[in-house]
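Participant: Quick one: this structure, given as structure tokens, is what I'll be asking you about.
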Amino acid sequence: MDLLQTIAAFVLQYGLRVLGIGPLQRDRVVLWSYFGKQYSCNPKYLSEYLEGHCPELRVVWAFEDPDAHADLRARGVEVVRINTARFVRLCLTSRFLITNSELPAWLPITSRQMLINTWHGGGAYKRVGKDFHKASRWRDLRSAIGRSKPVVYLSSSAAFTQLTLRESFQHTGEVIDSGMPRNDVLVTGPDPQLTASVRAALGVSSKSHIVLYAPTYREDREASSYLFDAGLVRTALAETFGGEWTLLLRMHYLVMKELPASEDYLDASAYPDMQELLAASDVLITDYSSSIWDFGLTGRPCFLYAPDLEEYDQDRGFYSDIRTWPWPLATSNDELARNIHCFNEDAYARRLARHYDELGSYEHGTACQTVAAYLMEHRV
């Protein structure tokens with residue numbers, strides 16, 4: 001099967017080039033997020049900035065289900081179905097392509113175009129790309145075919161991130177030192193209107209603080225093993241920070257399907273935008289998710305709960321020792337509660353500042369503006 005997939009990727013990449021015959025539309029930008037599954041992440045925030053600030057550029061979005069995005073059409077954005085002949089034709093005749101994940105090896109890109117991969121994680125924590133995948137030689141070859149695309153650019157959250165992405169994806173092209181567009185909303189400070197909108201959508205009282213739990217998905221882990229003692233944690237939060245607390249769970253949809261309904265938490269897994277959840281939350285609890293990089297930009301408390309740390313480290317691994325990260329680490333319920341009780345705001349702020357400085361953060365709240373200016377400069 002791997003051999004057949006590799007042959008098909010090679011044939012398609014070169015055979016589909018015929019769809020690119022014709023003039024290049026230098027003012028057109030085609031975007032897709034998570035392989036067309038979502039309107040989210042860096043492409044979403046960059047797209048909305050382009051709509052508001054760069055009317056010279058025409059925005060096209062690609063989705064698995066275009067009919068679910070009538071709101072974009074109402075704003076004048078063209079919406080197409082991903083992985084169709086129309087999609088490939090648009091890609092091959094547009095100056096700019098923007099995504100946040102690895103590209104299909106079969107998708108042809110020509111030297112007339114600029115492909116910008118924003119990726120979907122900041123900082124440098126769990127391993128990605130070839131640093132993680134245990135690929136067969138045929139998958140390695142398909143990846144090499146994908147990397148042969150002539151013009152590939154990355155937007156980067158930090159200097160260290162740039163180094164790891166170059167190595168893990170064998171990227172040799174240019175990098176835009178912009179920060180991640182999705183993080184502008186977190187860097188620029190609290191947005192009361194956005195917070196109120198999130199609370200209303202999820203049914204969270206305006207009198208309650210929000211703690212968001214967003215663990216990394218693991219295929220071989222039982223759903224119940226993700227949960228911690230919600231009562232213990234809420235009590236620790238109330239005793240440390242005061243007030244009432246509502247626990248939001250942001251889980252992979254497969255995990256939430258297996259978890260029973262409970263008064264201990266609200267299911268926020270289907271909420272369409274993780275950044276909005278982060279912006280509205282007072283505290284984040286996660287494990288190895290790069291959301292720690294994003295949420296840390298707010299300066300608000302974040303705690304790591306990683307009961308399977310040893311197993312995860314052996315299976316996937318990290319770019320640095322998790323115990324050196326600035327977020328308090330727990331591997332048990334009691335330890336998590338103790339870390340909340342012992343939280344020191346000043347020491348935490350110093351650790352965060354040192355961490356972003358050591359990784360060479362590019363996050364200044366101007367990522368959308370920087371990338372948009374780059375696109376406008378390279379239209380001709």
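Residues are named by chain letter and number: chains run A, B, ... in the order of the structure tokens, numbers start at 1 in each chain, and ligands are numbered from 1 in the order shown.
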How would you write, as a list in words, the set of residues in segment 239-318 of chain A that DSSP gives as alpha helix (DSSP H)?
Facilitator: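 Listing alpha helix (DSSP H) positions across segment 239-318 of chain A yields Glu239, Thr240, Phe241, Tyr253, Leu254, Val255, Met256, Lys257, Glu258, Met274, Gln275, Glu276, Leu277, Leu278, Ala279, Ala280, Ser291, Ile292, Trp293, Asp294, Phe295, Gly296, Leu309, Glu310, Glu311, Tyr312, Asp313, Gln314 and Asp315 of chain A.
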Participant: As a list in words, please: the residues near Ser206 of chain A (cut-off 12 Å, only C-alpha atoms, same-chain neighbours under 2 positions excluded).
Facilitator: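 Neighbouring residues, sequence-local ones excluded: Pro192, Thr195, Ala196, Ser197, Val198, Arg199, Ala200, Leu202, Gly203, Val204, Ser208, His209, Ile210, Gly243, Glu244, Trp245, Thr246 and Ala280 of chain A.
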Participant: Kindly export the residues of the current selection with all heavy atoms, as a short mmCIF file (atom, residue, chain, number, x, y, z; two decimals), in the first residue's frame.
Facilitator:
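Final file, part-v6.cif:
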data_model
loop_
_atom_site.label_atom_id
_atom_site.label_comp_id
_atom_site.auth_asym_id
_atom_site.auth_seq_id
_atom_site.Cartn_x
_atom_site.Cartn_y
_atom_site.Cartn_z
N PRO A 192 -13.08 42.14 26.31
CA PRO A 192 -14.31 41.84 27.06
C PRO A 192 -15.46 41.36 26.17
O PRO A 192 -16.23 40.48 26.57
CB PRO A 192 -14.65 43.19 27.72
CG PRO A 192 -13.34 43.91 27.80
CD PRO A 192 -12.59 43.50 26.57
N THR A 195 -14.75 37.69 25.28
CA THR A 195 -14.96 36.85 26.45
C THR A 195 -16.45 36.66 26.72
O THR A 195 -16.91 35.54 27.02
CB THR A 195 -14.29 37.49 27.68
OG1 THR A 195 -12.88 37.57 27.45
CG2 THR A 195 -14.54 36.65 28.93
N ALA A 196 -17.22 37.72 26.61
CA ALA A 196 -18.66 37.62 26.83
C ALA A 196 -19.32 36.72 25.80
O ALA A 196 -20.24 35.96 26.12
CB ALA A 196 -19.29 39.02 26.79
N SER A 197 -18.84 36.77 24.56
CA SER A 197 -19.38 35.93 23.50
C SER A 197 -19.12 34.46 23.78
O SER A 197 -20.00 33.61 23.59
CB SER A 197 -18.78 36.34 22.16
OG SER A 197 -19.19 35.47 21.13
N VAL A 198 -17.90 34.13 24.21
CA VAL A 198 -17.56 32.74 24.53
C VAL A 198 -18.41 32.24 25.70
O VAL A 198 -18.95 31.13 25.66
CB VAL A 198 -16.06 32.62 24.86
CG1 VAL A 198 -15.73 31.21 25.36
CG2 VAL A 198 -15.21 32.95 23.64
N ARG A 199 -18.52 33.05 26.73
CA ARG A 199 -19.31 32.65 27.89
C ARG A 199 -20.76 32.39 27.50
O ARG A 199 -21.38 31.41 27.94
CB ARG A 199 -19.24 33.74 28.96
CG ARG A 199 -17.91 33.81 29.69
CD ARG A 199 -17.88 34.99 30.67
NE ARG A 199 -16.67 34.97 31.49
CZ ARG A 199 -16.55 34.33 32.63
NH1 ARG A 199 -17.59 33.65 33.11
NH2 ARG A 199 -15.43 34.35 33.32
N ALA A 200 -21.32 33.27 26.67
CA ALA A 200 -22.71 33.11 26.26
C ALA A 200 -22.90 31.83 25.45
O ALA A 200 -23.88 31.11 25.62
CB ALA A 200 -23.15 34.33 25.45
N LEU A 202 -21.23 29.07 25.61
CA LEU A 202 -21.04 27.85 26.40
C LEU A 202 -21.90 27.82 27.66
O LEU A 202 -21.88 26.82 28.39
CB LEU A 202 -19.56 27.71 26.77
CG LEU A 202 -18.61 27.52 25.58
CD1 LEU A 202 -17.16 27.58 26.05
CD2 LEU A 202 -18.89 26.21 24.88
N GLY A 203 -22.62 28.89 27.93
CA GLY A 203 -23.48 28.92 29.10
C GLY A 203 -22.72 29.08 30.40
O GLY A 203 -23.11 28.51 31.42
N VAL A 204 -21.64 29.86 30.39
CA VAL A 204 -20.85 30.10 31.60
C VAL A 204 -21.30 31.40 32.24
O VAL A 204 -21.36 32.44 31.59
CB VAL A 204 -19.34 30.18 31.27
CG1 VAL A 204 -18.54 30.43 32.54
CG2 VAL A 204 -18.88 28.90 30.60
N SER A 208 -18.58 33.47 37.26
CA SER A 208 -17.66 32.34 37.44
C SER A 208 -16.37 32.56 36.66
O SER A 208 -16.38 33.05 35.53
CB SER A 208 -18.32 31.05 36.98
OG SER A 208 -17.44 29.95 37.12
N HIS A 209 -15.25 32.18 37.27
CA HIS A 209 -13.98 32.11 36.55
C HIS A 209 -13.97 30.86 35.69
O HIS A 209 -14.70 29.89 35.95
CB HIS A 209 -12.80 32.08 37.53
CG HIS A 209 -12.71 33.26 38.42
ND1 HIS A 209 -12.47 34.53 37.96
CD2 HIS A 209 -12.84 33.36 39.77
CE1 HIS A 209 -12.44 35.38 38.98
NE2 HIS A 209 -12.67 34.70 40.09
N ILE A 210 -13.11 30.86 34.66
CA ILE A 210 -13.02 29.72 33.74
C ILE A 210 -11.66 29.07 33.84
O ILE A 210 -10.62 29.74 33.72
CB ILE A 210 -13.26 30.16 32.29
CG1 ILE A 210 -14.70 30.65 32.10
CG2 ILE A 210 -12.97 29.01 31.32
CD1 ILE A 210 -14.99 31.18 30.70
N GLY A 243 -13.21 33.05 44.35
CA GLY A 243 -14.34 32.98 43.44
C GLY A 243 -14.77 31.57 43.08
O GLY A 243 -14.21 30.57 43.53
N GLU A 244 -15.81 31.51 42.23
CA GLU A 244 -16.31 30.24 41.71
C GLU A 244 -15.58 29.91 40.41
O GLU A 244 -15.14 30.79 39.69
CB GLU A 244 -17.82 30.34 41.44
CG GLU A 244 -18.65 30.65 42.65
CD GLU A 244 -20.12 30.83 42.30
OE1 GLU A 244 -20.46 30.68 41.10
OE2 GLU A 244 -20.91 31.12 43.21
N TRP A 245 -15.54 28.59 40.10
CA TRP A 245 -14.80 28.15 38.91
C TRP A 245 -15.64 27.17 38.08
O TRP A 245 -16.23 26.24 38.63
CB TRP A 245 -13.48 27.50 39.31
CG TRP A 245 -12.50 28.53 39.80
CD1 TRP A 245 -12.44 29.07 41.05
CD2 TRP A 245 -11.50 29.18 39.02
NE1 TRP A 245 -11.44 30.01 41.11
CE2 TRP A 245 -10.84 30.10 39.88
CE3 TRP A 245 -11.07 29.06 37.70
CZ2 TRP A 245 -9.80 30.91 39.45
CZ3 TRP A 245 -10.02 29.86 37.26
CH2 TRP A 245 -9.41 30.77 38.12
N THR A 246 -15.64 27.41 36.77
CA THR A 246 -16.27 26.50 35.81
C THR A 246 -15.18 25.82 35.01
O THR A 246 -14.29 26.48 34.47
CB THR A 246 -17.21 27.26 34.85
OG1 THR A 246 -18.28 27.84 35.60
CG2 THR A 246 -17.78 26.32 33.80
N ALA A 280 -10.63 33.67 26.63
CA ALA A 280 -11.69 33.83 27.62
C ALA A 280 -11.38 33.13 28.95
O ALA A 280 -12.09 33.35 29.93
CB ALA A 280 -13.01 33.29 27.07
#
Participant: As a compact mmCIF listing (two decimals) with N, CA, C and O atoms, in the first residue's frame, please: the residues near Asn333 of chain A (cut-off 9 Å, only C-alpha atoms, same-chain neighbours under 5 positions excluded).
Facilitator:
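Output below, filename result_28.txt:
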# COMPACT_ATOMS: atom_id res chain seq x y z
N PHE A 228 -8.96 14.45 35.62
CA PHE A 228 -8.42 14.59 36.97
C PHE A 228 -9.59 14.78 37.94
O PHE A 228 -10.76 14.81 37.52
N ASP A 229 -9.30 14.94 39.21
CA ASP A 229 -10.32 15.14 40.23
C ASP A 229 -10.81 16.59 40.13
O ASP A 229 -10.18 17.51 40.67
N LEU A 232 -11.43 18.49 43.45
CA LEU A 232 -10.19 18.85 44.13
C LEU A 232 -9.55 20.06 43.48
O LEU A 232 -9.07 20.98 44.16
N VAL A 233 -9.55 20.08 42.15
CA VAL A 233 -8.92 21.18 41.41
C VAL A 233 -9.71 22.48 41.59
O VAL A 233 -9.13 23.55 41.81
N TYR A 305 -0.61 18.86 33.65
CA TYR A 305 -1.05 17.62 34.30
C TYR A 305 -0.72 16.49 33.33
O TYR A 305 -1.34 16.34 32.29
N PRO A 307 -0.04 12.62 33.75
CA PRO A 307 0.10 11.35 34.47
C PRO A 307 0.81 10.27 33.67
O PRO A 307 1.30 9.30 34.25
N ARG A 338 -1.56 20.70 44.69
CA ARG A 338 -0.48 21.33 45.45
C ARG A 338 0.18 22.45 44.63
O ARG A 338 0.50 23.53 45.16
Participant: Please report the interatomic distance between atom CA of Ala223 of chain A and atom CA of Leu309 of chain A in Å with one decimal.
Facilitator: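 Between atom CA of Ala223 of chain A and atom CA of Leu309 of chain A the gap works out to 16.4 Å.
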Participant: Which of these, A:Arg28, A:His120, A:Lys126, A:His364, has the shortest distance to Pro55 of chain A once you count only C-alpha atoms?
Facilitator: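 Distance minimum relative to Pro55 of chain A lands on A:Arg28.
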Participant: Going by DSSP on the backbone, which bits of segment 29-223 of chain A are strand (DSSP E)? Write them as number ranges by chain, please.
Facilitator: A: 29-31, 58-63, 78-81, 94-99, 114-117, 152-155, 175-176, 208-213
Participant: What does the file look like for those residues with N, CA, C and O atoms, as a short mmCIF file (atom, residue, chain, number, x, y, z; two decimals), in the first residue's frame?
Facilitator:
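Saved to out35.cif:
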data_model
loop_
_atom_site.label_atom_id
_atom_site.label_comp_id
_atom_site.auth_asym_id
_atom_site.auth_seq_id
_atom_site.Cartn_x
_atom_site.Cartn_y
_atom_site.Cartn_z
N VAL A 29 -5.45 34.69 -2.91
CA VAL A 29 -4.88 33.91 -1.81
C VAL A 29 -5.81 32.74 -1.52
O VAL A 29 -7.00 32.94 -1.24
N VAL A 30 -5.30 31.51 -1.58
CA VAL A 30 -6.08 30.32 -1.24
C VAL A 30 -5.61 29.81 0.12
O VAL A 30 -4.42 29.60 0.33
N LEU A 31 -6.57 29.62 1.04
CA LEU A 31 -6.25 29.18 2.40
C LEU A 31 -7.02 27.93 2.77
O LEU A 31 -8.14 27.72 2.30
N ARG A 58 -7.79 38.91 -3.16
CA ARG A 58 -9.01 38.10 -3.18
C ARG A 58 -8.77 36.82 -2.39
O ARG A 58 -7.81 36.09 -2.65
N VAL A 59 -9.66 36.57 -1.42
CA VAL A 59 -9.48 35.45 -0.50
C VAL A 59 -10.37 34.27 -0.91
O VAL A 59 -11.57 34.45 -1.17
N VAL A 60 -9.78 33.07 -0.96
CA VAL A 60 -10.50 31.83 -1.25
C VAL A 60 -10.22 30.85 -0.11
O VAL A 60 -9.07 30.70 0.31
N TRP A 61 -11.28 30.19 0.38
CA TRP A 61 -11.12 29.17 1.42
C TRP A 61 -11.53 27.80 0.88
O TRP A 61 -12.50 27.69 0.14
N ALA A 62 -10.80 26.76 1.31
CA ALA A 62 -11.10 25.38 0.91
C ALA A 62 -11.48 24.56 2.14
O ALA A 62 -10.78 24.59 3.16
N PHE A 63 -12.61 23.83 2.02
CA PHE A 63 -13.13 23.03 3.13
C PHE A 63 -13.59 21.66 2.63
O PHE A 63 -13.94 21.50 1.46
N GLU A 78 -14.71 33.51 -1.56
CA GLU A 78 -15.03 32.32 -2.35
C GLU A 78 -14.72 31.08 -1.52
O GLU A 78 -13.67 30.98 -0.88
N VAL A 79 -15.64 30.12 -1.52
CA VAL A 79 -15.48 28.88 -0.76
C VAL A 79 -15.57 27.70 -1.71
O VAL A 79 -16.51 27.60 -2.51
N VAL A 80 -14.58 26.79 -1.65
CA VAL A 80 -14.54 25.64 -2.55
C VAL A 80 -14.33 24.36 -1.75
O VAL A 80 -13.93 24.40 -0.58
N ARG A 81 -14.59 23.24 -2.37
CA ARG A 81 -14.35 21.95 -1.74
C ARG A 81 -12.89 21.55 -1.95
O ARG A 81 -12.39 21.60 -3.07
N SER A 94 -3.01 30.64 -8.47
CA SER A 94 -3.00 31.70 -7.47
C SER A 94 -1.57 31.97 -7.02
O SER A 94 -0.77 31.05 -6.86
N ARG A 95 -1.28 33.22 -6.78
CA ARG A 95 0.06 33.60 -6.34
C ARG A 95 0.37 33.07 -4.94
O ARG A 95 1.48 32.61 -4.67
N PHE A 96 -0.63 33.10 -4.03
CA PHE A 96 -0.38 32.76 -2.64
C PHE A 96 -1.23 31.58 -2.17
O PHE A 96 -2.44 31.55 -2.40
N LEU A 97 -0.60 30.64 -1.49
CA LEU A 97 -1.28 29.53 -0.84
C LEU A 97 -0.86 29.53 0.63
O LEU A 97 0.33 29.65 0.94
N ILE A 98 -1.84 29.40 1.53
CA ILE A 98 -1.54 29.47 2.96
C ILE A 98 -2.24 28.33 3.68
O ILE A 98 -3.45 28.13 3.54
N THR A 99 -1.49 27.57 4.46
CA THR A 99 -2.05 26.47 5.24
C THR A 99 -1.34 26.39 6.58
O THR A 99 -0.40 27.15 6.85
N MET A 114 3.84 31.33 -4.15
CA MET A 114 4.39 31.38 -2.80
C MET A 114 3.49 30.55 -1.90
O MET A 114 2.31 30.85 -1.74
N LEU A 115 4.05 29.50 -1.34
CA LEU A 115 3.34 28.65 -0.40
C LEU A 115 3.83 28.99 1.00
O LEU A 115 5.02 28.85 1.30
N ILE A 116 2.93 29.46 1.85
CA ILE A 116 3.30 29.85 3.21
C ILE A 116 2.64 28.89 4.20
O ILE A 116 1.42 28.80 4.27
N ASN A 117 3.46 28.16 4.92
CA ASN A 117 2.96 27.24 5.95
C ASN A 117 3.13 27.92 7.30
O ASN A 117 4.26 28.17 7.74
N VAL A 152 8.70 27.46 -0.66
CA VAL A 152 7.99 27.21 0.59
C VAL A 152 8.50 28.19 1.64
O VAL A 152 9.70 28.32 1.85
N TYR A 153 7.59 28.87 2.29
CA TYR A 153 7.93 29.82 3.33
C TYR A 153 7.21 29.41 4.61
O TYR A 153 6.15 28.81 4.58
N LEU A 154 7.78 29.77 5.73
CA LEU A 154 7.16 29.50 7.02
C LEU A 154 7.02 30.81 7.78
O LEU A 154 7.88 31.68 7.69
N SER A 155 5.93 30.95 8.53
CA SER A 155 5.88 32.00 9.55
C SER A 155 6.23 31.33 10.86
O SER A 155 5.81 30.21 11.13
N VAL A 175 11.97 32.14 5.94
CA VAL A 175 11.09 32.13 7.10
C VAL A 175 10.73 33.57 7.45
O VAL A 175 11.59 34.45 7.48
N ILE A 176 9.44 33.81 7.68
CA ILE A 176 8.97 35.13 8.08
C ILE A 176 8.94 35.17 9.60
O ILE A 176 8.17 34.44 10.23
N SER A 208 -18.58 33.47 37.26
CA SER A 208 -17.66 32.34 37.44
C SER A 208 -16.37 32.56 36.66
O SER A 208 -16.38 33.05 35.53
N HIS A 209 -15.25 32.18 37.27
CA HIS A 209 -13.98 32.11 36.55
C HIS A 209 -13.97 30.86 35.69
O HIS A 209 -14.70 29.89 35.95
N ILE A 210 -13.11 30.86 34.66
CA ILE A 210 -13.02 29.72 33.74
C ILE A 210 -11.66 29.07 33.84
O ILE A 210 -10.62 29.74 33.72
N VAL A 211 -11.64 27.74 34.06
CA VAL A 211 -10.42 26.96 33.92
C VAL A 211 -10.63 26.02 32.73
O VAL A 211 -11.59 25.26 32.67
N LEU A 212 -9.75 26.12 31.76
CA LEU A 212 -9.83 25.31 30.54
C LEU A 212 -8.87 24.15 30.63
O LEU A 212 -7.67 24.35 30.91
N TYR A 213 -9.37 22.94 30.41
CA TYR A 213 -8.52 21.75 30.37
C TYR A 213 -8.46 21.26 28.92
O TYR A 213 -9.49 20.89 28.34
#
Participant: Could you jot down the atom CA of Ser291 of chain A to atom CA of Met251 of chain A separation for me, Å, one decimal place?
Facilitator: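 These atoms are spaced 12.9 Å apart.
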Participant: Which residues are near Arg182 of chain A? Cut-off 7 Å, only C-alpha atoms, ignore same chain within fewer than 3 positions. Put them as a compact mmCIF listing (two decimals) with all heavy atoms, in the first residue's frame.
Facilitator:
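Output saved as result_22.txt:
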# COMPACT_ATOMS: atom_id res chain seq x y z
N CYS A 41 -7.37 28.63 13.46
CA CYS A 41 -5.92 28.71 13.57
C CYS A 41 -5.36 29.91 12.79
O CYS A 41 -6.05 30.88 12.50
CB CYS A 41 -5.29 27.38 13.13
SG CYS A 41 -3.57 27.15 13.69
N ASN A 42 -4.09 29.84 12.46
CA ASN A 42 -3.41 30.97 11.81
C ASN A 42 -4.06 31.40 10.50
O ASN A 42 -4.20 32.60 10.25
CB ASN A 42 -1.94 30.62 11.59
CG ASN A 42 -1.20 30.46 12.90
OD1 ASN A 42 -1.21 31.34 13.75
ND2 ASN A 42 -0.56 29.31 13.08
N TYR A 45 -7.14 33.78 11.22
CA TYR A 45 -6.83 35.14 11.69
C TYR A 45 -6.15 35.97 10.61
O TYR A 45 -6.40 37.17 10.49
CB TYR A 45 -6.01 35.06 12.97
CG TYR A 45 -6.86 34.65 14.15
CD1 TYR A 45 -7.05 33.31 14.45
CD2 TYR A 45 -7.52 35.60 14.91
CE1 TYR A 45 -7.87 32.93 15.51
CE2 TYR A 45 -8.34 35.24 15.96
CZ TYR A 45 -8.51 33.90 16.25
OH TYR A 45 -9.34 33.54 17.28
N VAL A 185 -4.43 38.03 19.02
CA VAL A 185 -5.56 38.28 19.91
C VAL A 185 -5.20 38.04 21.38
O VAL A 185 -5.81 38.63 22.28
CB VAL A 185 -6.77 37.40 19.50
CG1 VAL A 185 -6.49 35.92 19.77
CG2 VAL A 185 -8.04 37.84 20.21
N GLN A 275 -8.39 29.57 20.08
CA GLN A 275 -7.82 30.83 20.55
C GLN A 275 -8.85 31.64 21.33
O GLN A 275 -8.51 32.31 22.30
CB GLN A 275 -7.30 31.65 19.37
CG GLN A 275 -6.21 30.96 18.57
CD GLN A 275 -5.09 30.38 19.40
OE1 GLN A 275 -5.01 29.17 19.57
NE2 GLN A 275 -4.24 31.23 19.92
